[in-house]
Amino acid sequence: MPEEPRRNHQMLVGASILLVGALLAFGAMGIRSDAGYAGVGPNFLPWVVAGALVLCGGSLLWEARSGGFRQMDEPSGSASGDWTALAWVSAGVVANAALITTVGFILSCTLCFMLAVRGLRASEGKPQGGTRGLVTDFVTGFLIAGPAFWLFTKVLAINLPGLTATGWI
Amino acid sequence: MDIWNQLLGGFATAGTPINLMWAFIGCVIGTGIGVLPGIGPAVTVAMLLPITAQVEPTASMIFFAGIYYGAMYGGSTTSILLNTPGETGTMVTALEGFKMAKSGRAGAALATSAIGSFVAGTIATVLVTLFAPVVAEFAVRLGPPEYFLLMLLAFTTVSAVLGQSTLRGLTALFLGLAIGLVGLDQITGQVRYTAGVPEFMDGIEVVLVAVGLFAVGECLYTALYEGRAVQQINRMGSVHMTRSEWRRSWPAWLRGTALGFPFGTIPAGGTEIPTFLSYGLERKLSKYPKEFGTTGAIEGVAGPEAANNAAVTATLVPLLTLGIPTSVTAAILLSALQNYGINAGPQLFQTSSTLVWALIASLYIGNVMLLVLNLPLVGLWVKLLEIPRPQLYAGILIFATVGVYGMRQSAFDLFLMLGIGLAGVVMRRFDFPTAPVIVGMILGPLAEAQMRNALSIGEGKWGVFVERPMSLGLLMLVAAVLLLPRLMAMWRRARR
């Protein structure tokens, strides 16, 4: 990756950690300190963590500005990200989260599978296979989600939402 | 002898058909996910945590432990044939194993790693049987100050020793501690960092963070950056070793076990260090140094594989006797115990002795099962590598949903899972270690409670941590772990 954007990205990471630390400090102000015998109460660790994260964030910012993060391995994979692929996969998870209670586990997870597979395949530069590909993905997703649902709800009695009350879909 | 009677009792419990079945399923799943790239034992156990609501503790711990060490067996198969280590512990195996496979000796590499894992796993289990009760007896005498400092030591080693940069390790640790803060304070019941969201009252589930960071994060990272990476699968040979390969393997197995076990028992975090040490040792001792890095040396597979399995088994000692996890999977096993309201610690050997001994007995049984699963049947597992990557990763998302949604039946958690997954992508891209996050969030609340109890004992004075000889010693150890590497680097620079 060229130097300029890399430095900016690293500074962004450092700044986010700094922000998390600041937010935690803000939250810590609202926690009472019923110290009791210990001398330190429930607000003690929050302050420590907030302080430490501010320090870490500051140090990361400083490292980023002065030549980049230290002792860093080159990340694996390509230099630039395939953001469309990421969007497809994320859309799958979001759709799943939004629909799982209404259309049930099996259908919602099948949809998630179809969207995610599409993104991952696009990132590999492979063809999607048109309508036939869609049908194959639906069947594959269903064949994973269905048995998973039946196994976990019927054998292990874990609560997962269904579309109907029959317990089969 | 008392230990042997209790172990026999353990075999009686672990040997019931239902528990044998759990051990077997655990070993099968463990081997499978070990073979599959992109999913490890920690996240698998995390996804299956919801079963703790239904399955009784002994059975589920046997099951989870089977997944844990099964993954170590399976991970080596992927390292040897694919050169993408399934687990961090099998990274070193990939160095020589992949080279061996390339020069047509995949079979021997697979055999030495499976048999070596069995030898090391069994010896380590014997050592656990002998040492764990002794450590537990000793640990009963530790008070809150000592416990707090032991946990502090675990925090320090997991964040400062592992990984490249101490700064990024500590950042990850404090992020984990911050996640652990969300919810009710254990001692006073004070609400912290819930931002008015009712879902946050019970805290953030380990399943959610582990699955988000490891499964969803991995899937997103693959889509974003690794689509064009091409993988090359080595061909399998027949799985057997010649007489000379046996002769070269067994001393390496024993040395690897001797290196791996002690590292697993101390809170020094995981299997990376002993496997690397073992690799270096074998390379130095080998009579065939030319094979290292060229055609692949069998010692370079045998030693690290043994070290890896010995270390994994040994992590059970601090987990069961002190309640301190030294690896991510051990941390998740700890939270499985917490789900049952069982406090891991020295009392565990008295209060839940049936569970503990059944678990230890199941390690003996599981190692035999895994040897059978991995040697003659290795060809079946290799077929798993033919699953195309898009379908594999998308399928993992479905199981991620089972784990996260099944834990609390909350769709909110699924959104949060995506957020944590995206954070995981950033962490991986900028080389932040993830283990400290999990260890921090699980061990954080326990450490906080111990610290405040210790201060209560000391009537609010921090001197309580230096007045007791044991805790002073531990404190110095923590300081040494943090400072020594830096001082040594400075000393080296000054000499130049």
# chains A, B, ... in the order shown; residues from 1 in each chain; ligands from 1
>>> select_by_dssp(residues="range 59-110 of chain A", states="alpha helix (DSSP H)", output="PDB file with C-alpha atoms, in the first residue's frame")
ATOM      1  CA  SER A  59       0.419   6.039  21.383  1.00  0.00           C
ATOM      2  CA  LEU A  60      -1.063   4.424  18.246  1.00  0.00           C
ATOM      3  CA  LEU A  61      -1.646   7.888  16.779  1.00  0.00           C
ATOM      4  CA  TRP A  62       1.929   8.837  17.560  1.00  0.00           C
ATOM      5  CA  GLU A  63       3.253   5.607  15.998  1.00  0.00           C
ATOM      6  CA  ALA A  64       1.154   6.166  12.895  1.00  0.00           C
ATOM      7  CA  ARG A  65       2.488   9.708  12.488  1.00  0.00           C
ATOM      8  CA  TRP A  83     -15.980  -3.455  -1.119  1.00  0.00           C
ATOM      9  CA  THR A  84     -18.852  -4.766  -3.258  1.00  0.00           C
ATOM     10  CA  ALA A  85     -18.192  -8.277  -2.003  1.00  0.00           C
ATOM     11  CA  LEU A  86     -18.111  -6.998   1.575  1.00  0.00           C
ATOM     12  CA  ALA A  87     -21.425  -5.231   1.016  1.00  0.00           C
ATOM     13  CA  TRP A  88     -23.079  -8.451  -0.255  1.00  0.00           C
ATOM     14  CA  VAL A  89     -21.931 -10.482   2.726  1.00  0.00           C
ATOM     15  CA  SER A  90     -22.899  -7.742   5.199  1.00  0.00           C
ATOM     16  CA  ALA A  91     -26.281  -7.448   3.501  1.00  0.00           C
ATOM     17  CA  GLY A  92     -26.741 -11.166   4.126  1.00  0.00           C
ATOM     18  CA  VAL A  93     -26.132 -10.801   7.854  1.00  0.00           C
ATOM     19  CA  VAL A  94     -28.304  -7.676   8.098  1.00  0.00           C
ATOM     20  CA  ALA A  95     -31.172  -9.336   6.204  1.00  0.00           C
ATOM     21  CA  ASN A  96     -30.906 -12.315   8.506  1.00  0.00           C
ATOM     22  CA  ALA A  97     -31.005 -10.144  11.627  1.00  0.00           C
ATOM     23  CA  ALA A  98     -33.974  -8.175  10.292  1.00  0.00           C
ATOM     24  CA  LEU A  99     -36.051 -11.122   9.099  1.00  0.00           C
ATOM     25  CA  ILE A 100     -35.279 -14.012  11.437  1.00  0.00           C
ATOM     26  CA  THR A 101     -38.196 -13.384  13.790  1.00  0.00           C
ATOM     27  CA  THR A 102     -40.741 -12.897  10.993  1.00  0.00           C
ATOM     28  CA  VAL A 103     -39.888 -15.487   8.339  1.00  0.00           C
ATOM     29  CA  PHE A 105     -34.711 -19.339  10.981  1.00  0.00           C
ATOM     30  CA  ILE A 106     -34.591 -21.576   7.897  1.00  0.00           C
ATOM     31  CA  LEU A 107     -35.766 -19.096   5.272  1.00  0.00           C
ATOM     32  CA  SER A 108     -33.912 -16.182   6.778  1.00  0.00           C
ATOM     33  CA  CYS A 109     -30.641 -18.123   6.955  1.00  0.00           C
ATOM     34  CA  THR A 110     -31.136 -19.413   3.409  1.00  0.00           C
TER      35      THR A 110
END
>>> closest_atom_pairs(of="chain B", to="chain A", cutoff="7 Å", atoms="only C-alpha atoms", output="CSV")
residue,atom,partner,partner_atom,distance
B:Pro50,CA,A:Ile158,CA,6.9
B:Ile51,CA,A:Leu156,CA,6.5
B:Gln54,CA,A:Leu156,CA,6.6
B:Gln164,CA,A:Gln71,CA,5.7
B:Ser165,CA,A:Gln71,CA,5.8
B:Leu167,CA,A:Cys56,CA,6.7
B:Thr171,CA,A:Cys56,CA,5.8
B:Phe174,CA,A:Val49,CA,6.0
B:Ala178,CA,A:Val49,CA,6.5
B:Asp185,CA,A:Pro42,CA,6.5
B:Gln190,CA,A:Pro42,CA,6.9
B:Arg192,CA,A:Ile31,CA,6.8
B:Tyr193,CA,A:Gly27,CA,6.3
B:Leu220,CA,A:Leu86,CA,6.0
B:Ala223,CA,A:Leu120,CA,5.0
B:Leu224,CA,A:Asp82,CA,4.6
B:Tyr225,CA,A:Gly77,CA,5.0
B:Glu226,CA,A:Gly77,CA,4.7
B:Gly227,CA,A:Glu124,CA,4.3
B:Arg228,CA,A:Glu124,CA,5.4
B:Ala229,CA,A:Gly77,CA,6.6
B:Pro390,CA,A:Leu120,CA,5.0
B:Gln391,CA,A:Val117,CA,5.9
B:Ala394,CA,A:Phe113,CA,5.2
B:Gly395,CA,A:Phe113,CA,6.5
B:Ile398,CA,A:Cys109,CA,5.8
B:Gly406,CA,A:Asn159,CA,5.9
B:Ala411,CA,A:Ala97,CA,5.3
B:Leu414,CA,A:Ala97,CA,5.3
B:Phe415,CA,A:Ala97,CA,6.1
B:Leu418,CA,A:Val93,CA,6.8
B:Arg429,CA,A:Pro75,CA,5.5
B:Asp431,CA,A:Met72,CA,6.5
B:Arg452,CA,A:Ala38,CA,5.7
B:Asn453,CA,A:Ala38,CA,6.8
B:Leu455,CA,A:Ala38,CA,4.6
B:Ser456,CA,A:Ala38,CA,3.8
B:Glu459,CA,A:Tyr37,CA,5.6
B:Gly460,CA,A:Gly39,CA,4.4
>>> atom_distance(atom1="CA of Leu370 in chain B", atom2="CA of Gly26 in chain B")
10.1 Å
>>> residues_around(residues="Val182 in chain B", least_positions_apart="3", cutoff="7 Å", atoms="only C-alpha atoms", output="short mmCIF file (atom, residue, chain, number, x, y, z; two decimals) with C-alpha atoms, in the first residue's frame")
data_model
loop_
_atom_site.label_atom_id
_atom_site.label_comp_id
_atom_site.auth_asym_id
_atom_site.auth_seq_id
_atom_site.Cartn_x
_atom_site.Cartn_y
_atom_site.Cartn_z
CA ILE B 179 -16.58 -5.35 26.80
CA ARG B 192 -22.41 -0.06 33.94
CA TYR B 193 -22.23 0.99 30.29
CA THR B 194 -25.64 -0.21 29.19
CA PHE B 200 -26.86 -4.91 27.63
CA GLY B 203 -23.61 -8.13 29.66
CA ILE B 204 -22.33 -9.09 26.24
#
>>> residues_around(residues="Glu3 in chain A", least_positions_apart="5", cutoff="10 Å", atoms="only C-alpha atoms", output="list of chain:residue names")
A:Asn8, A:Gly67, A:Gly68
>>> atom_distance(atom1="CA of Leu213 in chain B", atom2="CA of Ala330 in chain B")
16.6 Å
>>> closest_residue(among="B:Pro289, B:Gly366, B:Gly97, B:Gly189", to="Thr31 in chain B", atoms="only C-alpha atoms")
B:Gly366
>>> select_by_dssp(residues="range 98-202 of chain B", states="strand (DSSP E)", output="NGL selection string")
:B and (183-184 or 191-192)
>>> residues_around(residues="Glu205 in chain B", least_positions_apart="5", cutoff="10 Å", atoms="only C-alpha atoms", output="compact mmCIF listing (two decimals) with C-alpha atoms, in the first residue's frame")
# COMPACT_ATOMS: atom_id res chain seq x y z
CA ALA B 46 -18.60 -20.75 21.28
CA ILE B 179 -16.58 -5.35 26.80
CA GLY B 180 -16.43 -7.27 30.08
CA PHE B 200 -26.86 -4.91 27.63
CA ALA B 210 -16.05 -14.88 19.67
CA SER B 335 -17.48 -19.52 30.31
CA VAL B 404 -25.59 -16.22 18.62
CA MET B 407 -28.01 -18.07 23.20
CA ARG B 408 -30.46 -15.26 23.93
CA ASP B 413 -27.39 -9.65 18.93
CA MET B 441 -13.69 -10.05 28.51
CA ILE B 442 -13.99 -13.41 30.30
>>> atom_distance(atom1="CA of Leu472 in chain B", atom2="CA of Pro133 in chain B")
24.9 Å
>>> residues_around(residues="Ala65 in chain B", least_positions_apart="4", cutoff="9 Å", atoms="only C-alpha atoms", output="VMD selection string")
chain B and resid 23 26 to 27 30 45 60 to 61 69 to 70 333 359 362 to 363 366
>>> write_last_selection(atoms="N, CA and C atoms", output="CSV table (one decimal), in the first residue's frame")
chain,number,residue,atom,x,y,z
B,23,ALA,N,-18.2,-37.8,23.4
B,23,ALA,CA,-16.8,-37.7,23.1
B,23,ALA,C,-16.5,-37.9,21.7
B,26,GLY,N,-17.7,-35.1,19.6
B,26,GLY,CA,-16.8,-34.0,19.8
B,26,GLY,C,-15.6,-34.1,18.9
B,27,CYS,N,-15.0,-35.4,19.0
B,27,CYS,CA,-13.8,-35.6,18.2
B,27,CYS,C,-14.0,-35.5,16.7
B,30,GLY,N,-14.5,-31.8,16.0
B,30,GLY,CA,-13.2,-31.2,16.2
B,30,GLY,C,-12.3,-31.4,15.0
B,45,VAL,N,-16.7,-24.1,19.7
B,45,VAL,CA,-17.2,-24.3,21.0
B,45,VAL,C,-18.1,-23.1,21.4
B,60,SER,N,-21.4,-32.2,28.3
B,60,SER,CA,-21.0,-31.1,27.4
B,60,SER,C,-19.5,-30.7,27.5
B,61,MET,N,-19.0,-30.9,28.7
B,61,MET,CA,-17.5,-30.6,28.9
B,61,MET,C,-16.7,-31.6,28.1
B,69,TYR,N,-9.3,-30.7,21.4
B,69,TYR,CA,-8.1,-31.3,21.0
B,69,TYR,C,-8.3,-32.0,19.6
B,70,GLY,N,-9.5,-32.3,19.3
B,70,GLY,CA,-9.7,-32.9,17.9
B,70,GLY,C,-9.3,-31.9,16.8
B,333,LEU,N,-14.2,-22.4,27.3
B,333,LEU,CA,-14.6,-23.6,28.2
B,333,LEU,C,-14.9,-23.0,29.6
B,359,LEU,N,-13.9,-35.8,32.8
B,359,LEU,CA,-13.3,-35.1,31.7
B,359,LEU,C,-11.9,-35.6,31.5
B,362,SER,N,-12.0,-38.8,29.8
B,362,SER,CA,-12.4,-38.7,28.4
B,362,SER,C,-11.2,-38.3,27.5
B,363,LEU,N,-10.2,-37.6,28.1
B,363,LEU,CA,-9.0,-37.3,27.3
B,363,LEU,C,-8.3,-38.5,26.8
B,366,GLY,N,-10.6,-40.1,24.2
B,366,GLY,CA,-10.6,-39.2,23.0
B,366,GLY,C,-9.4,-39.4,22.2
>>> closest_residue(among="B:Leu446, B:Leu385, B:Met21, B:Met236", to="Leu334 in chain B", atoms="only C-alpha atoms")
B:Leu446
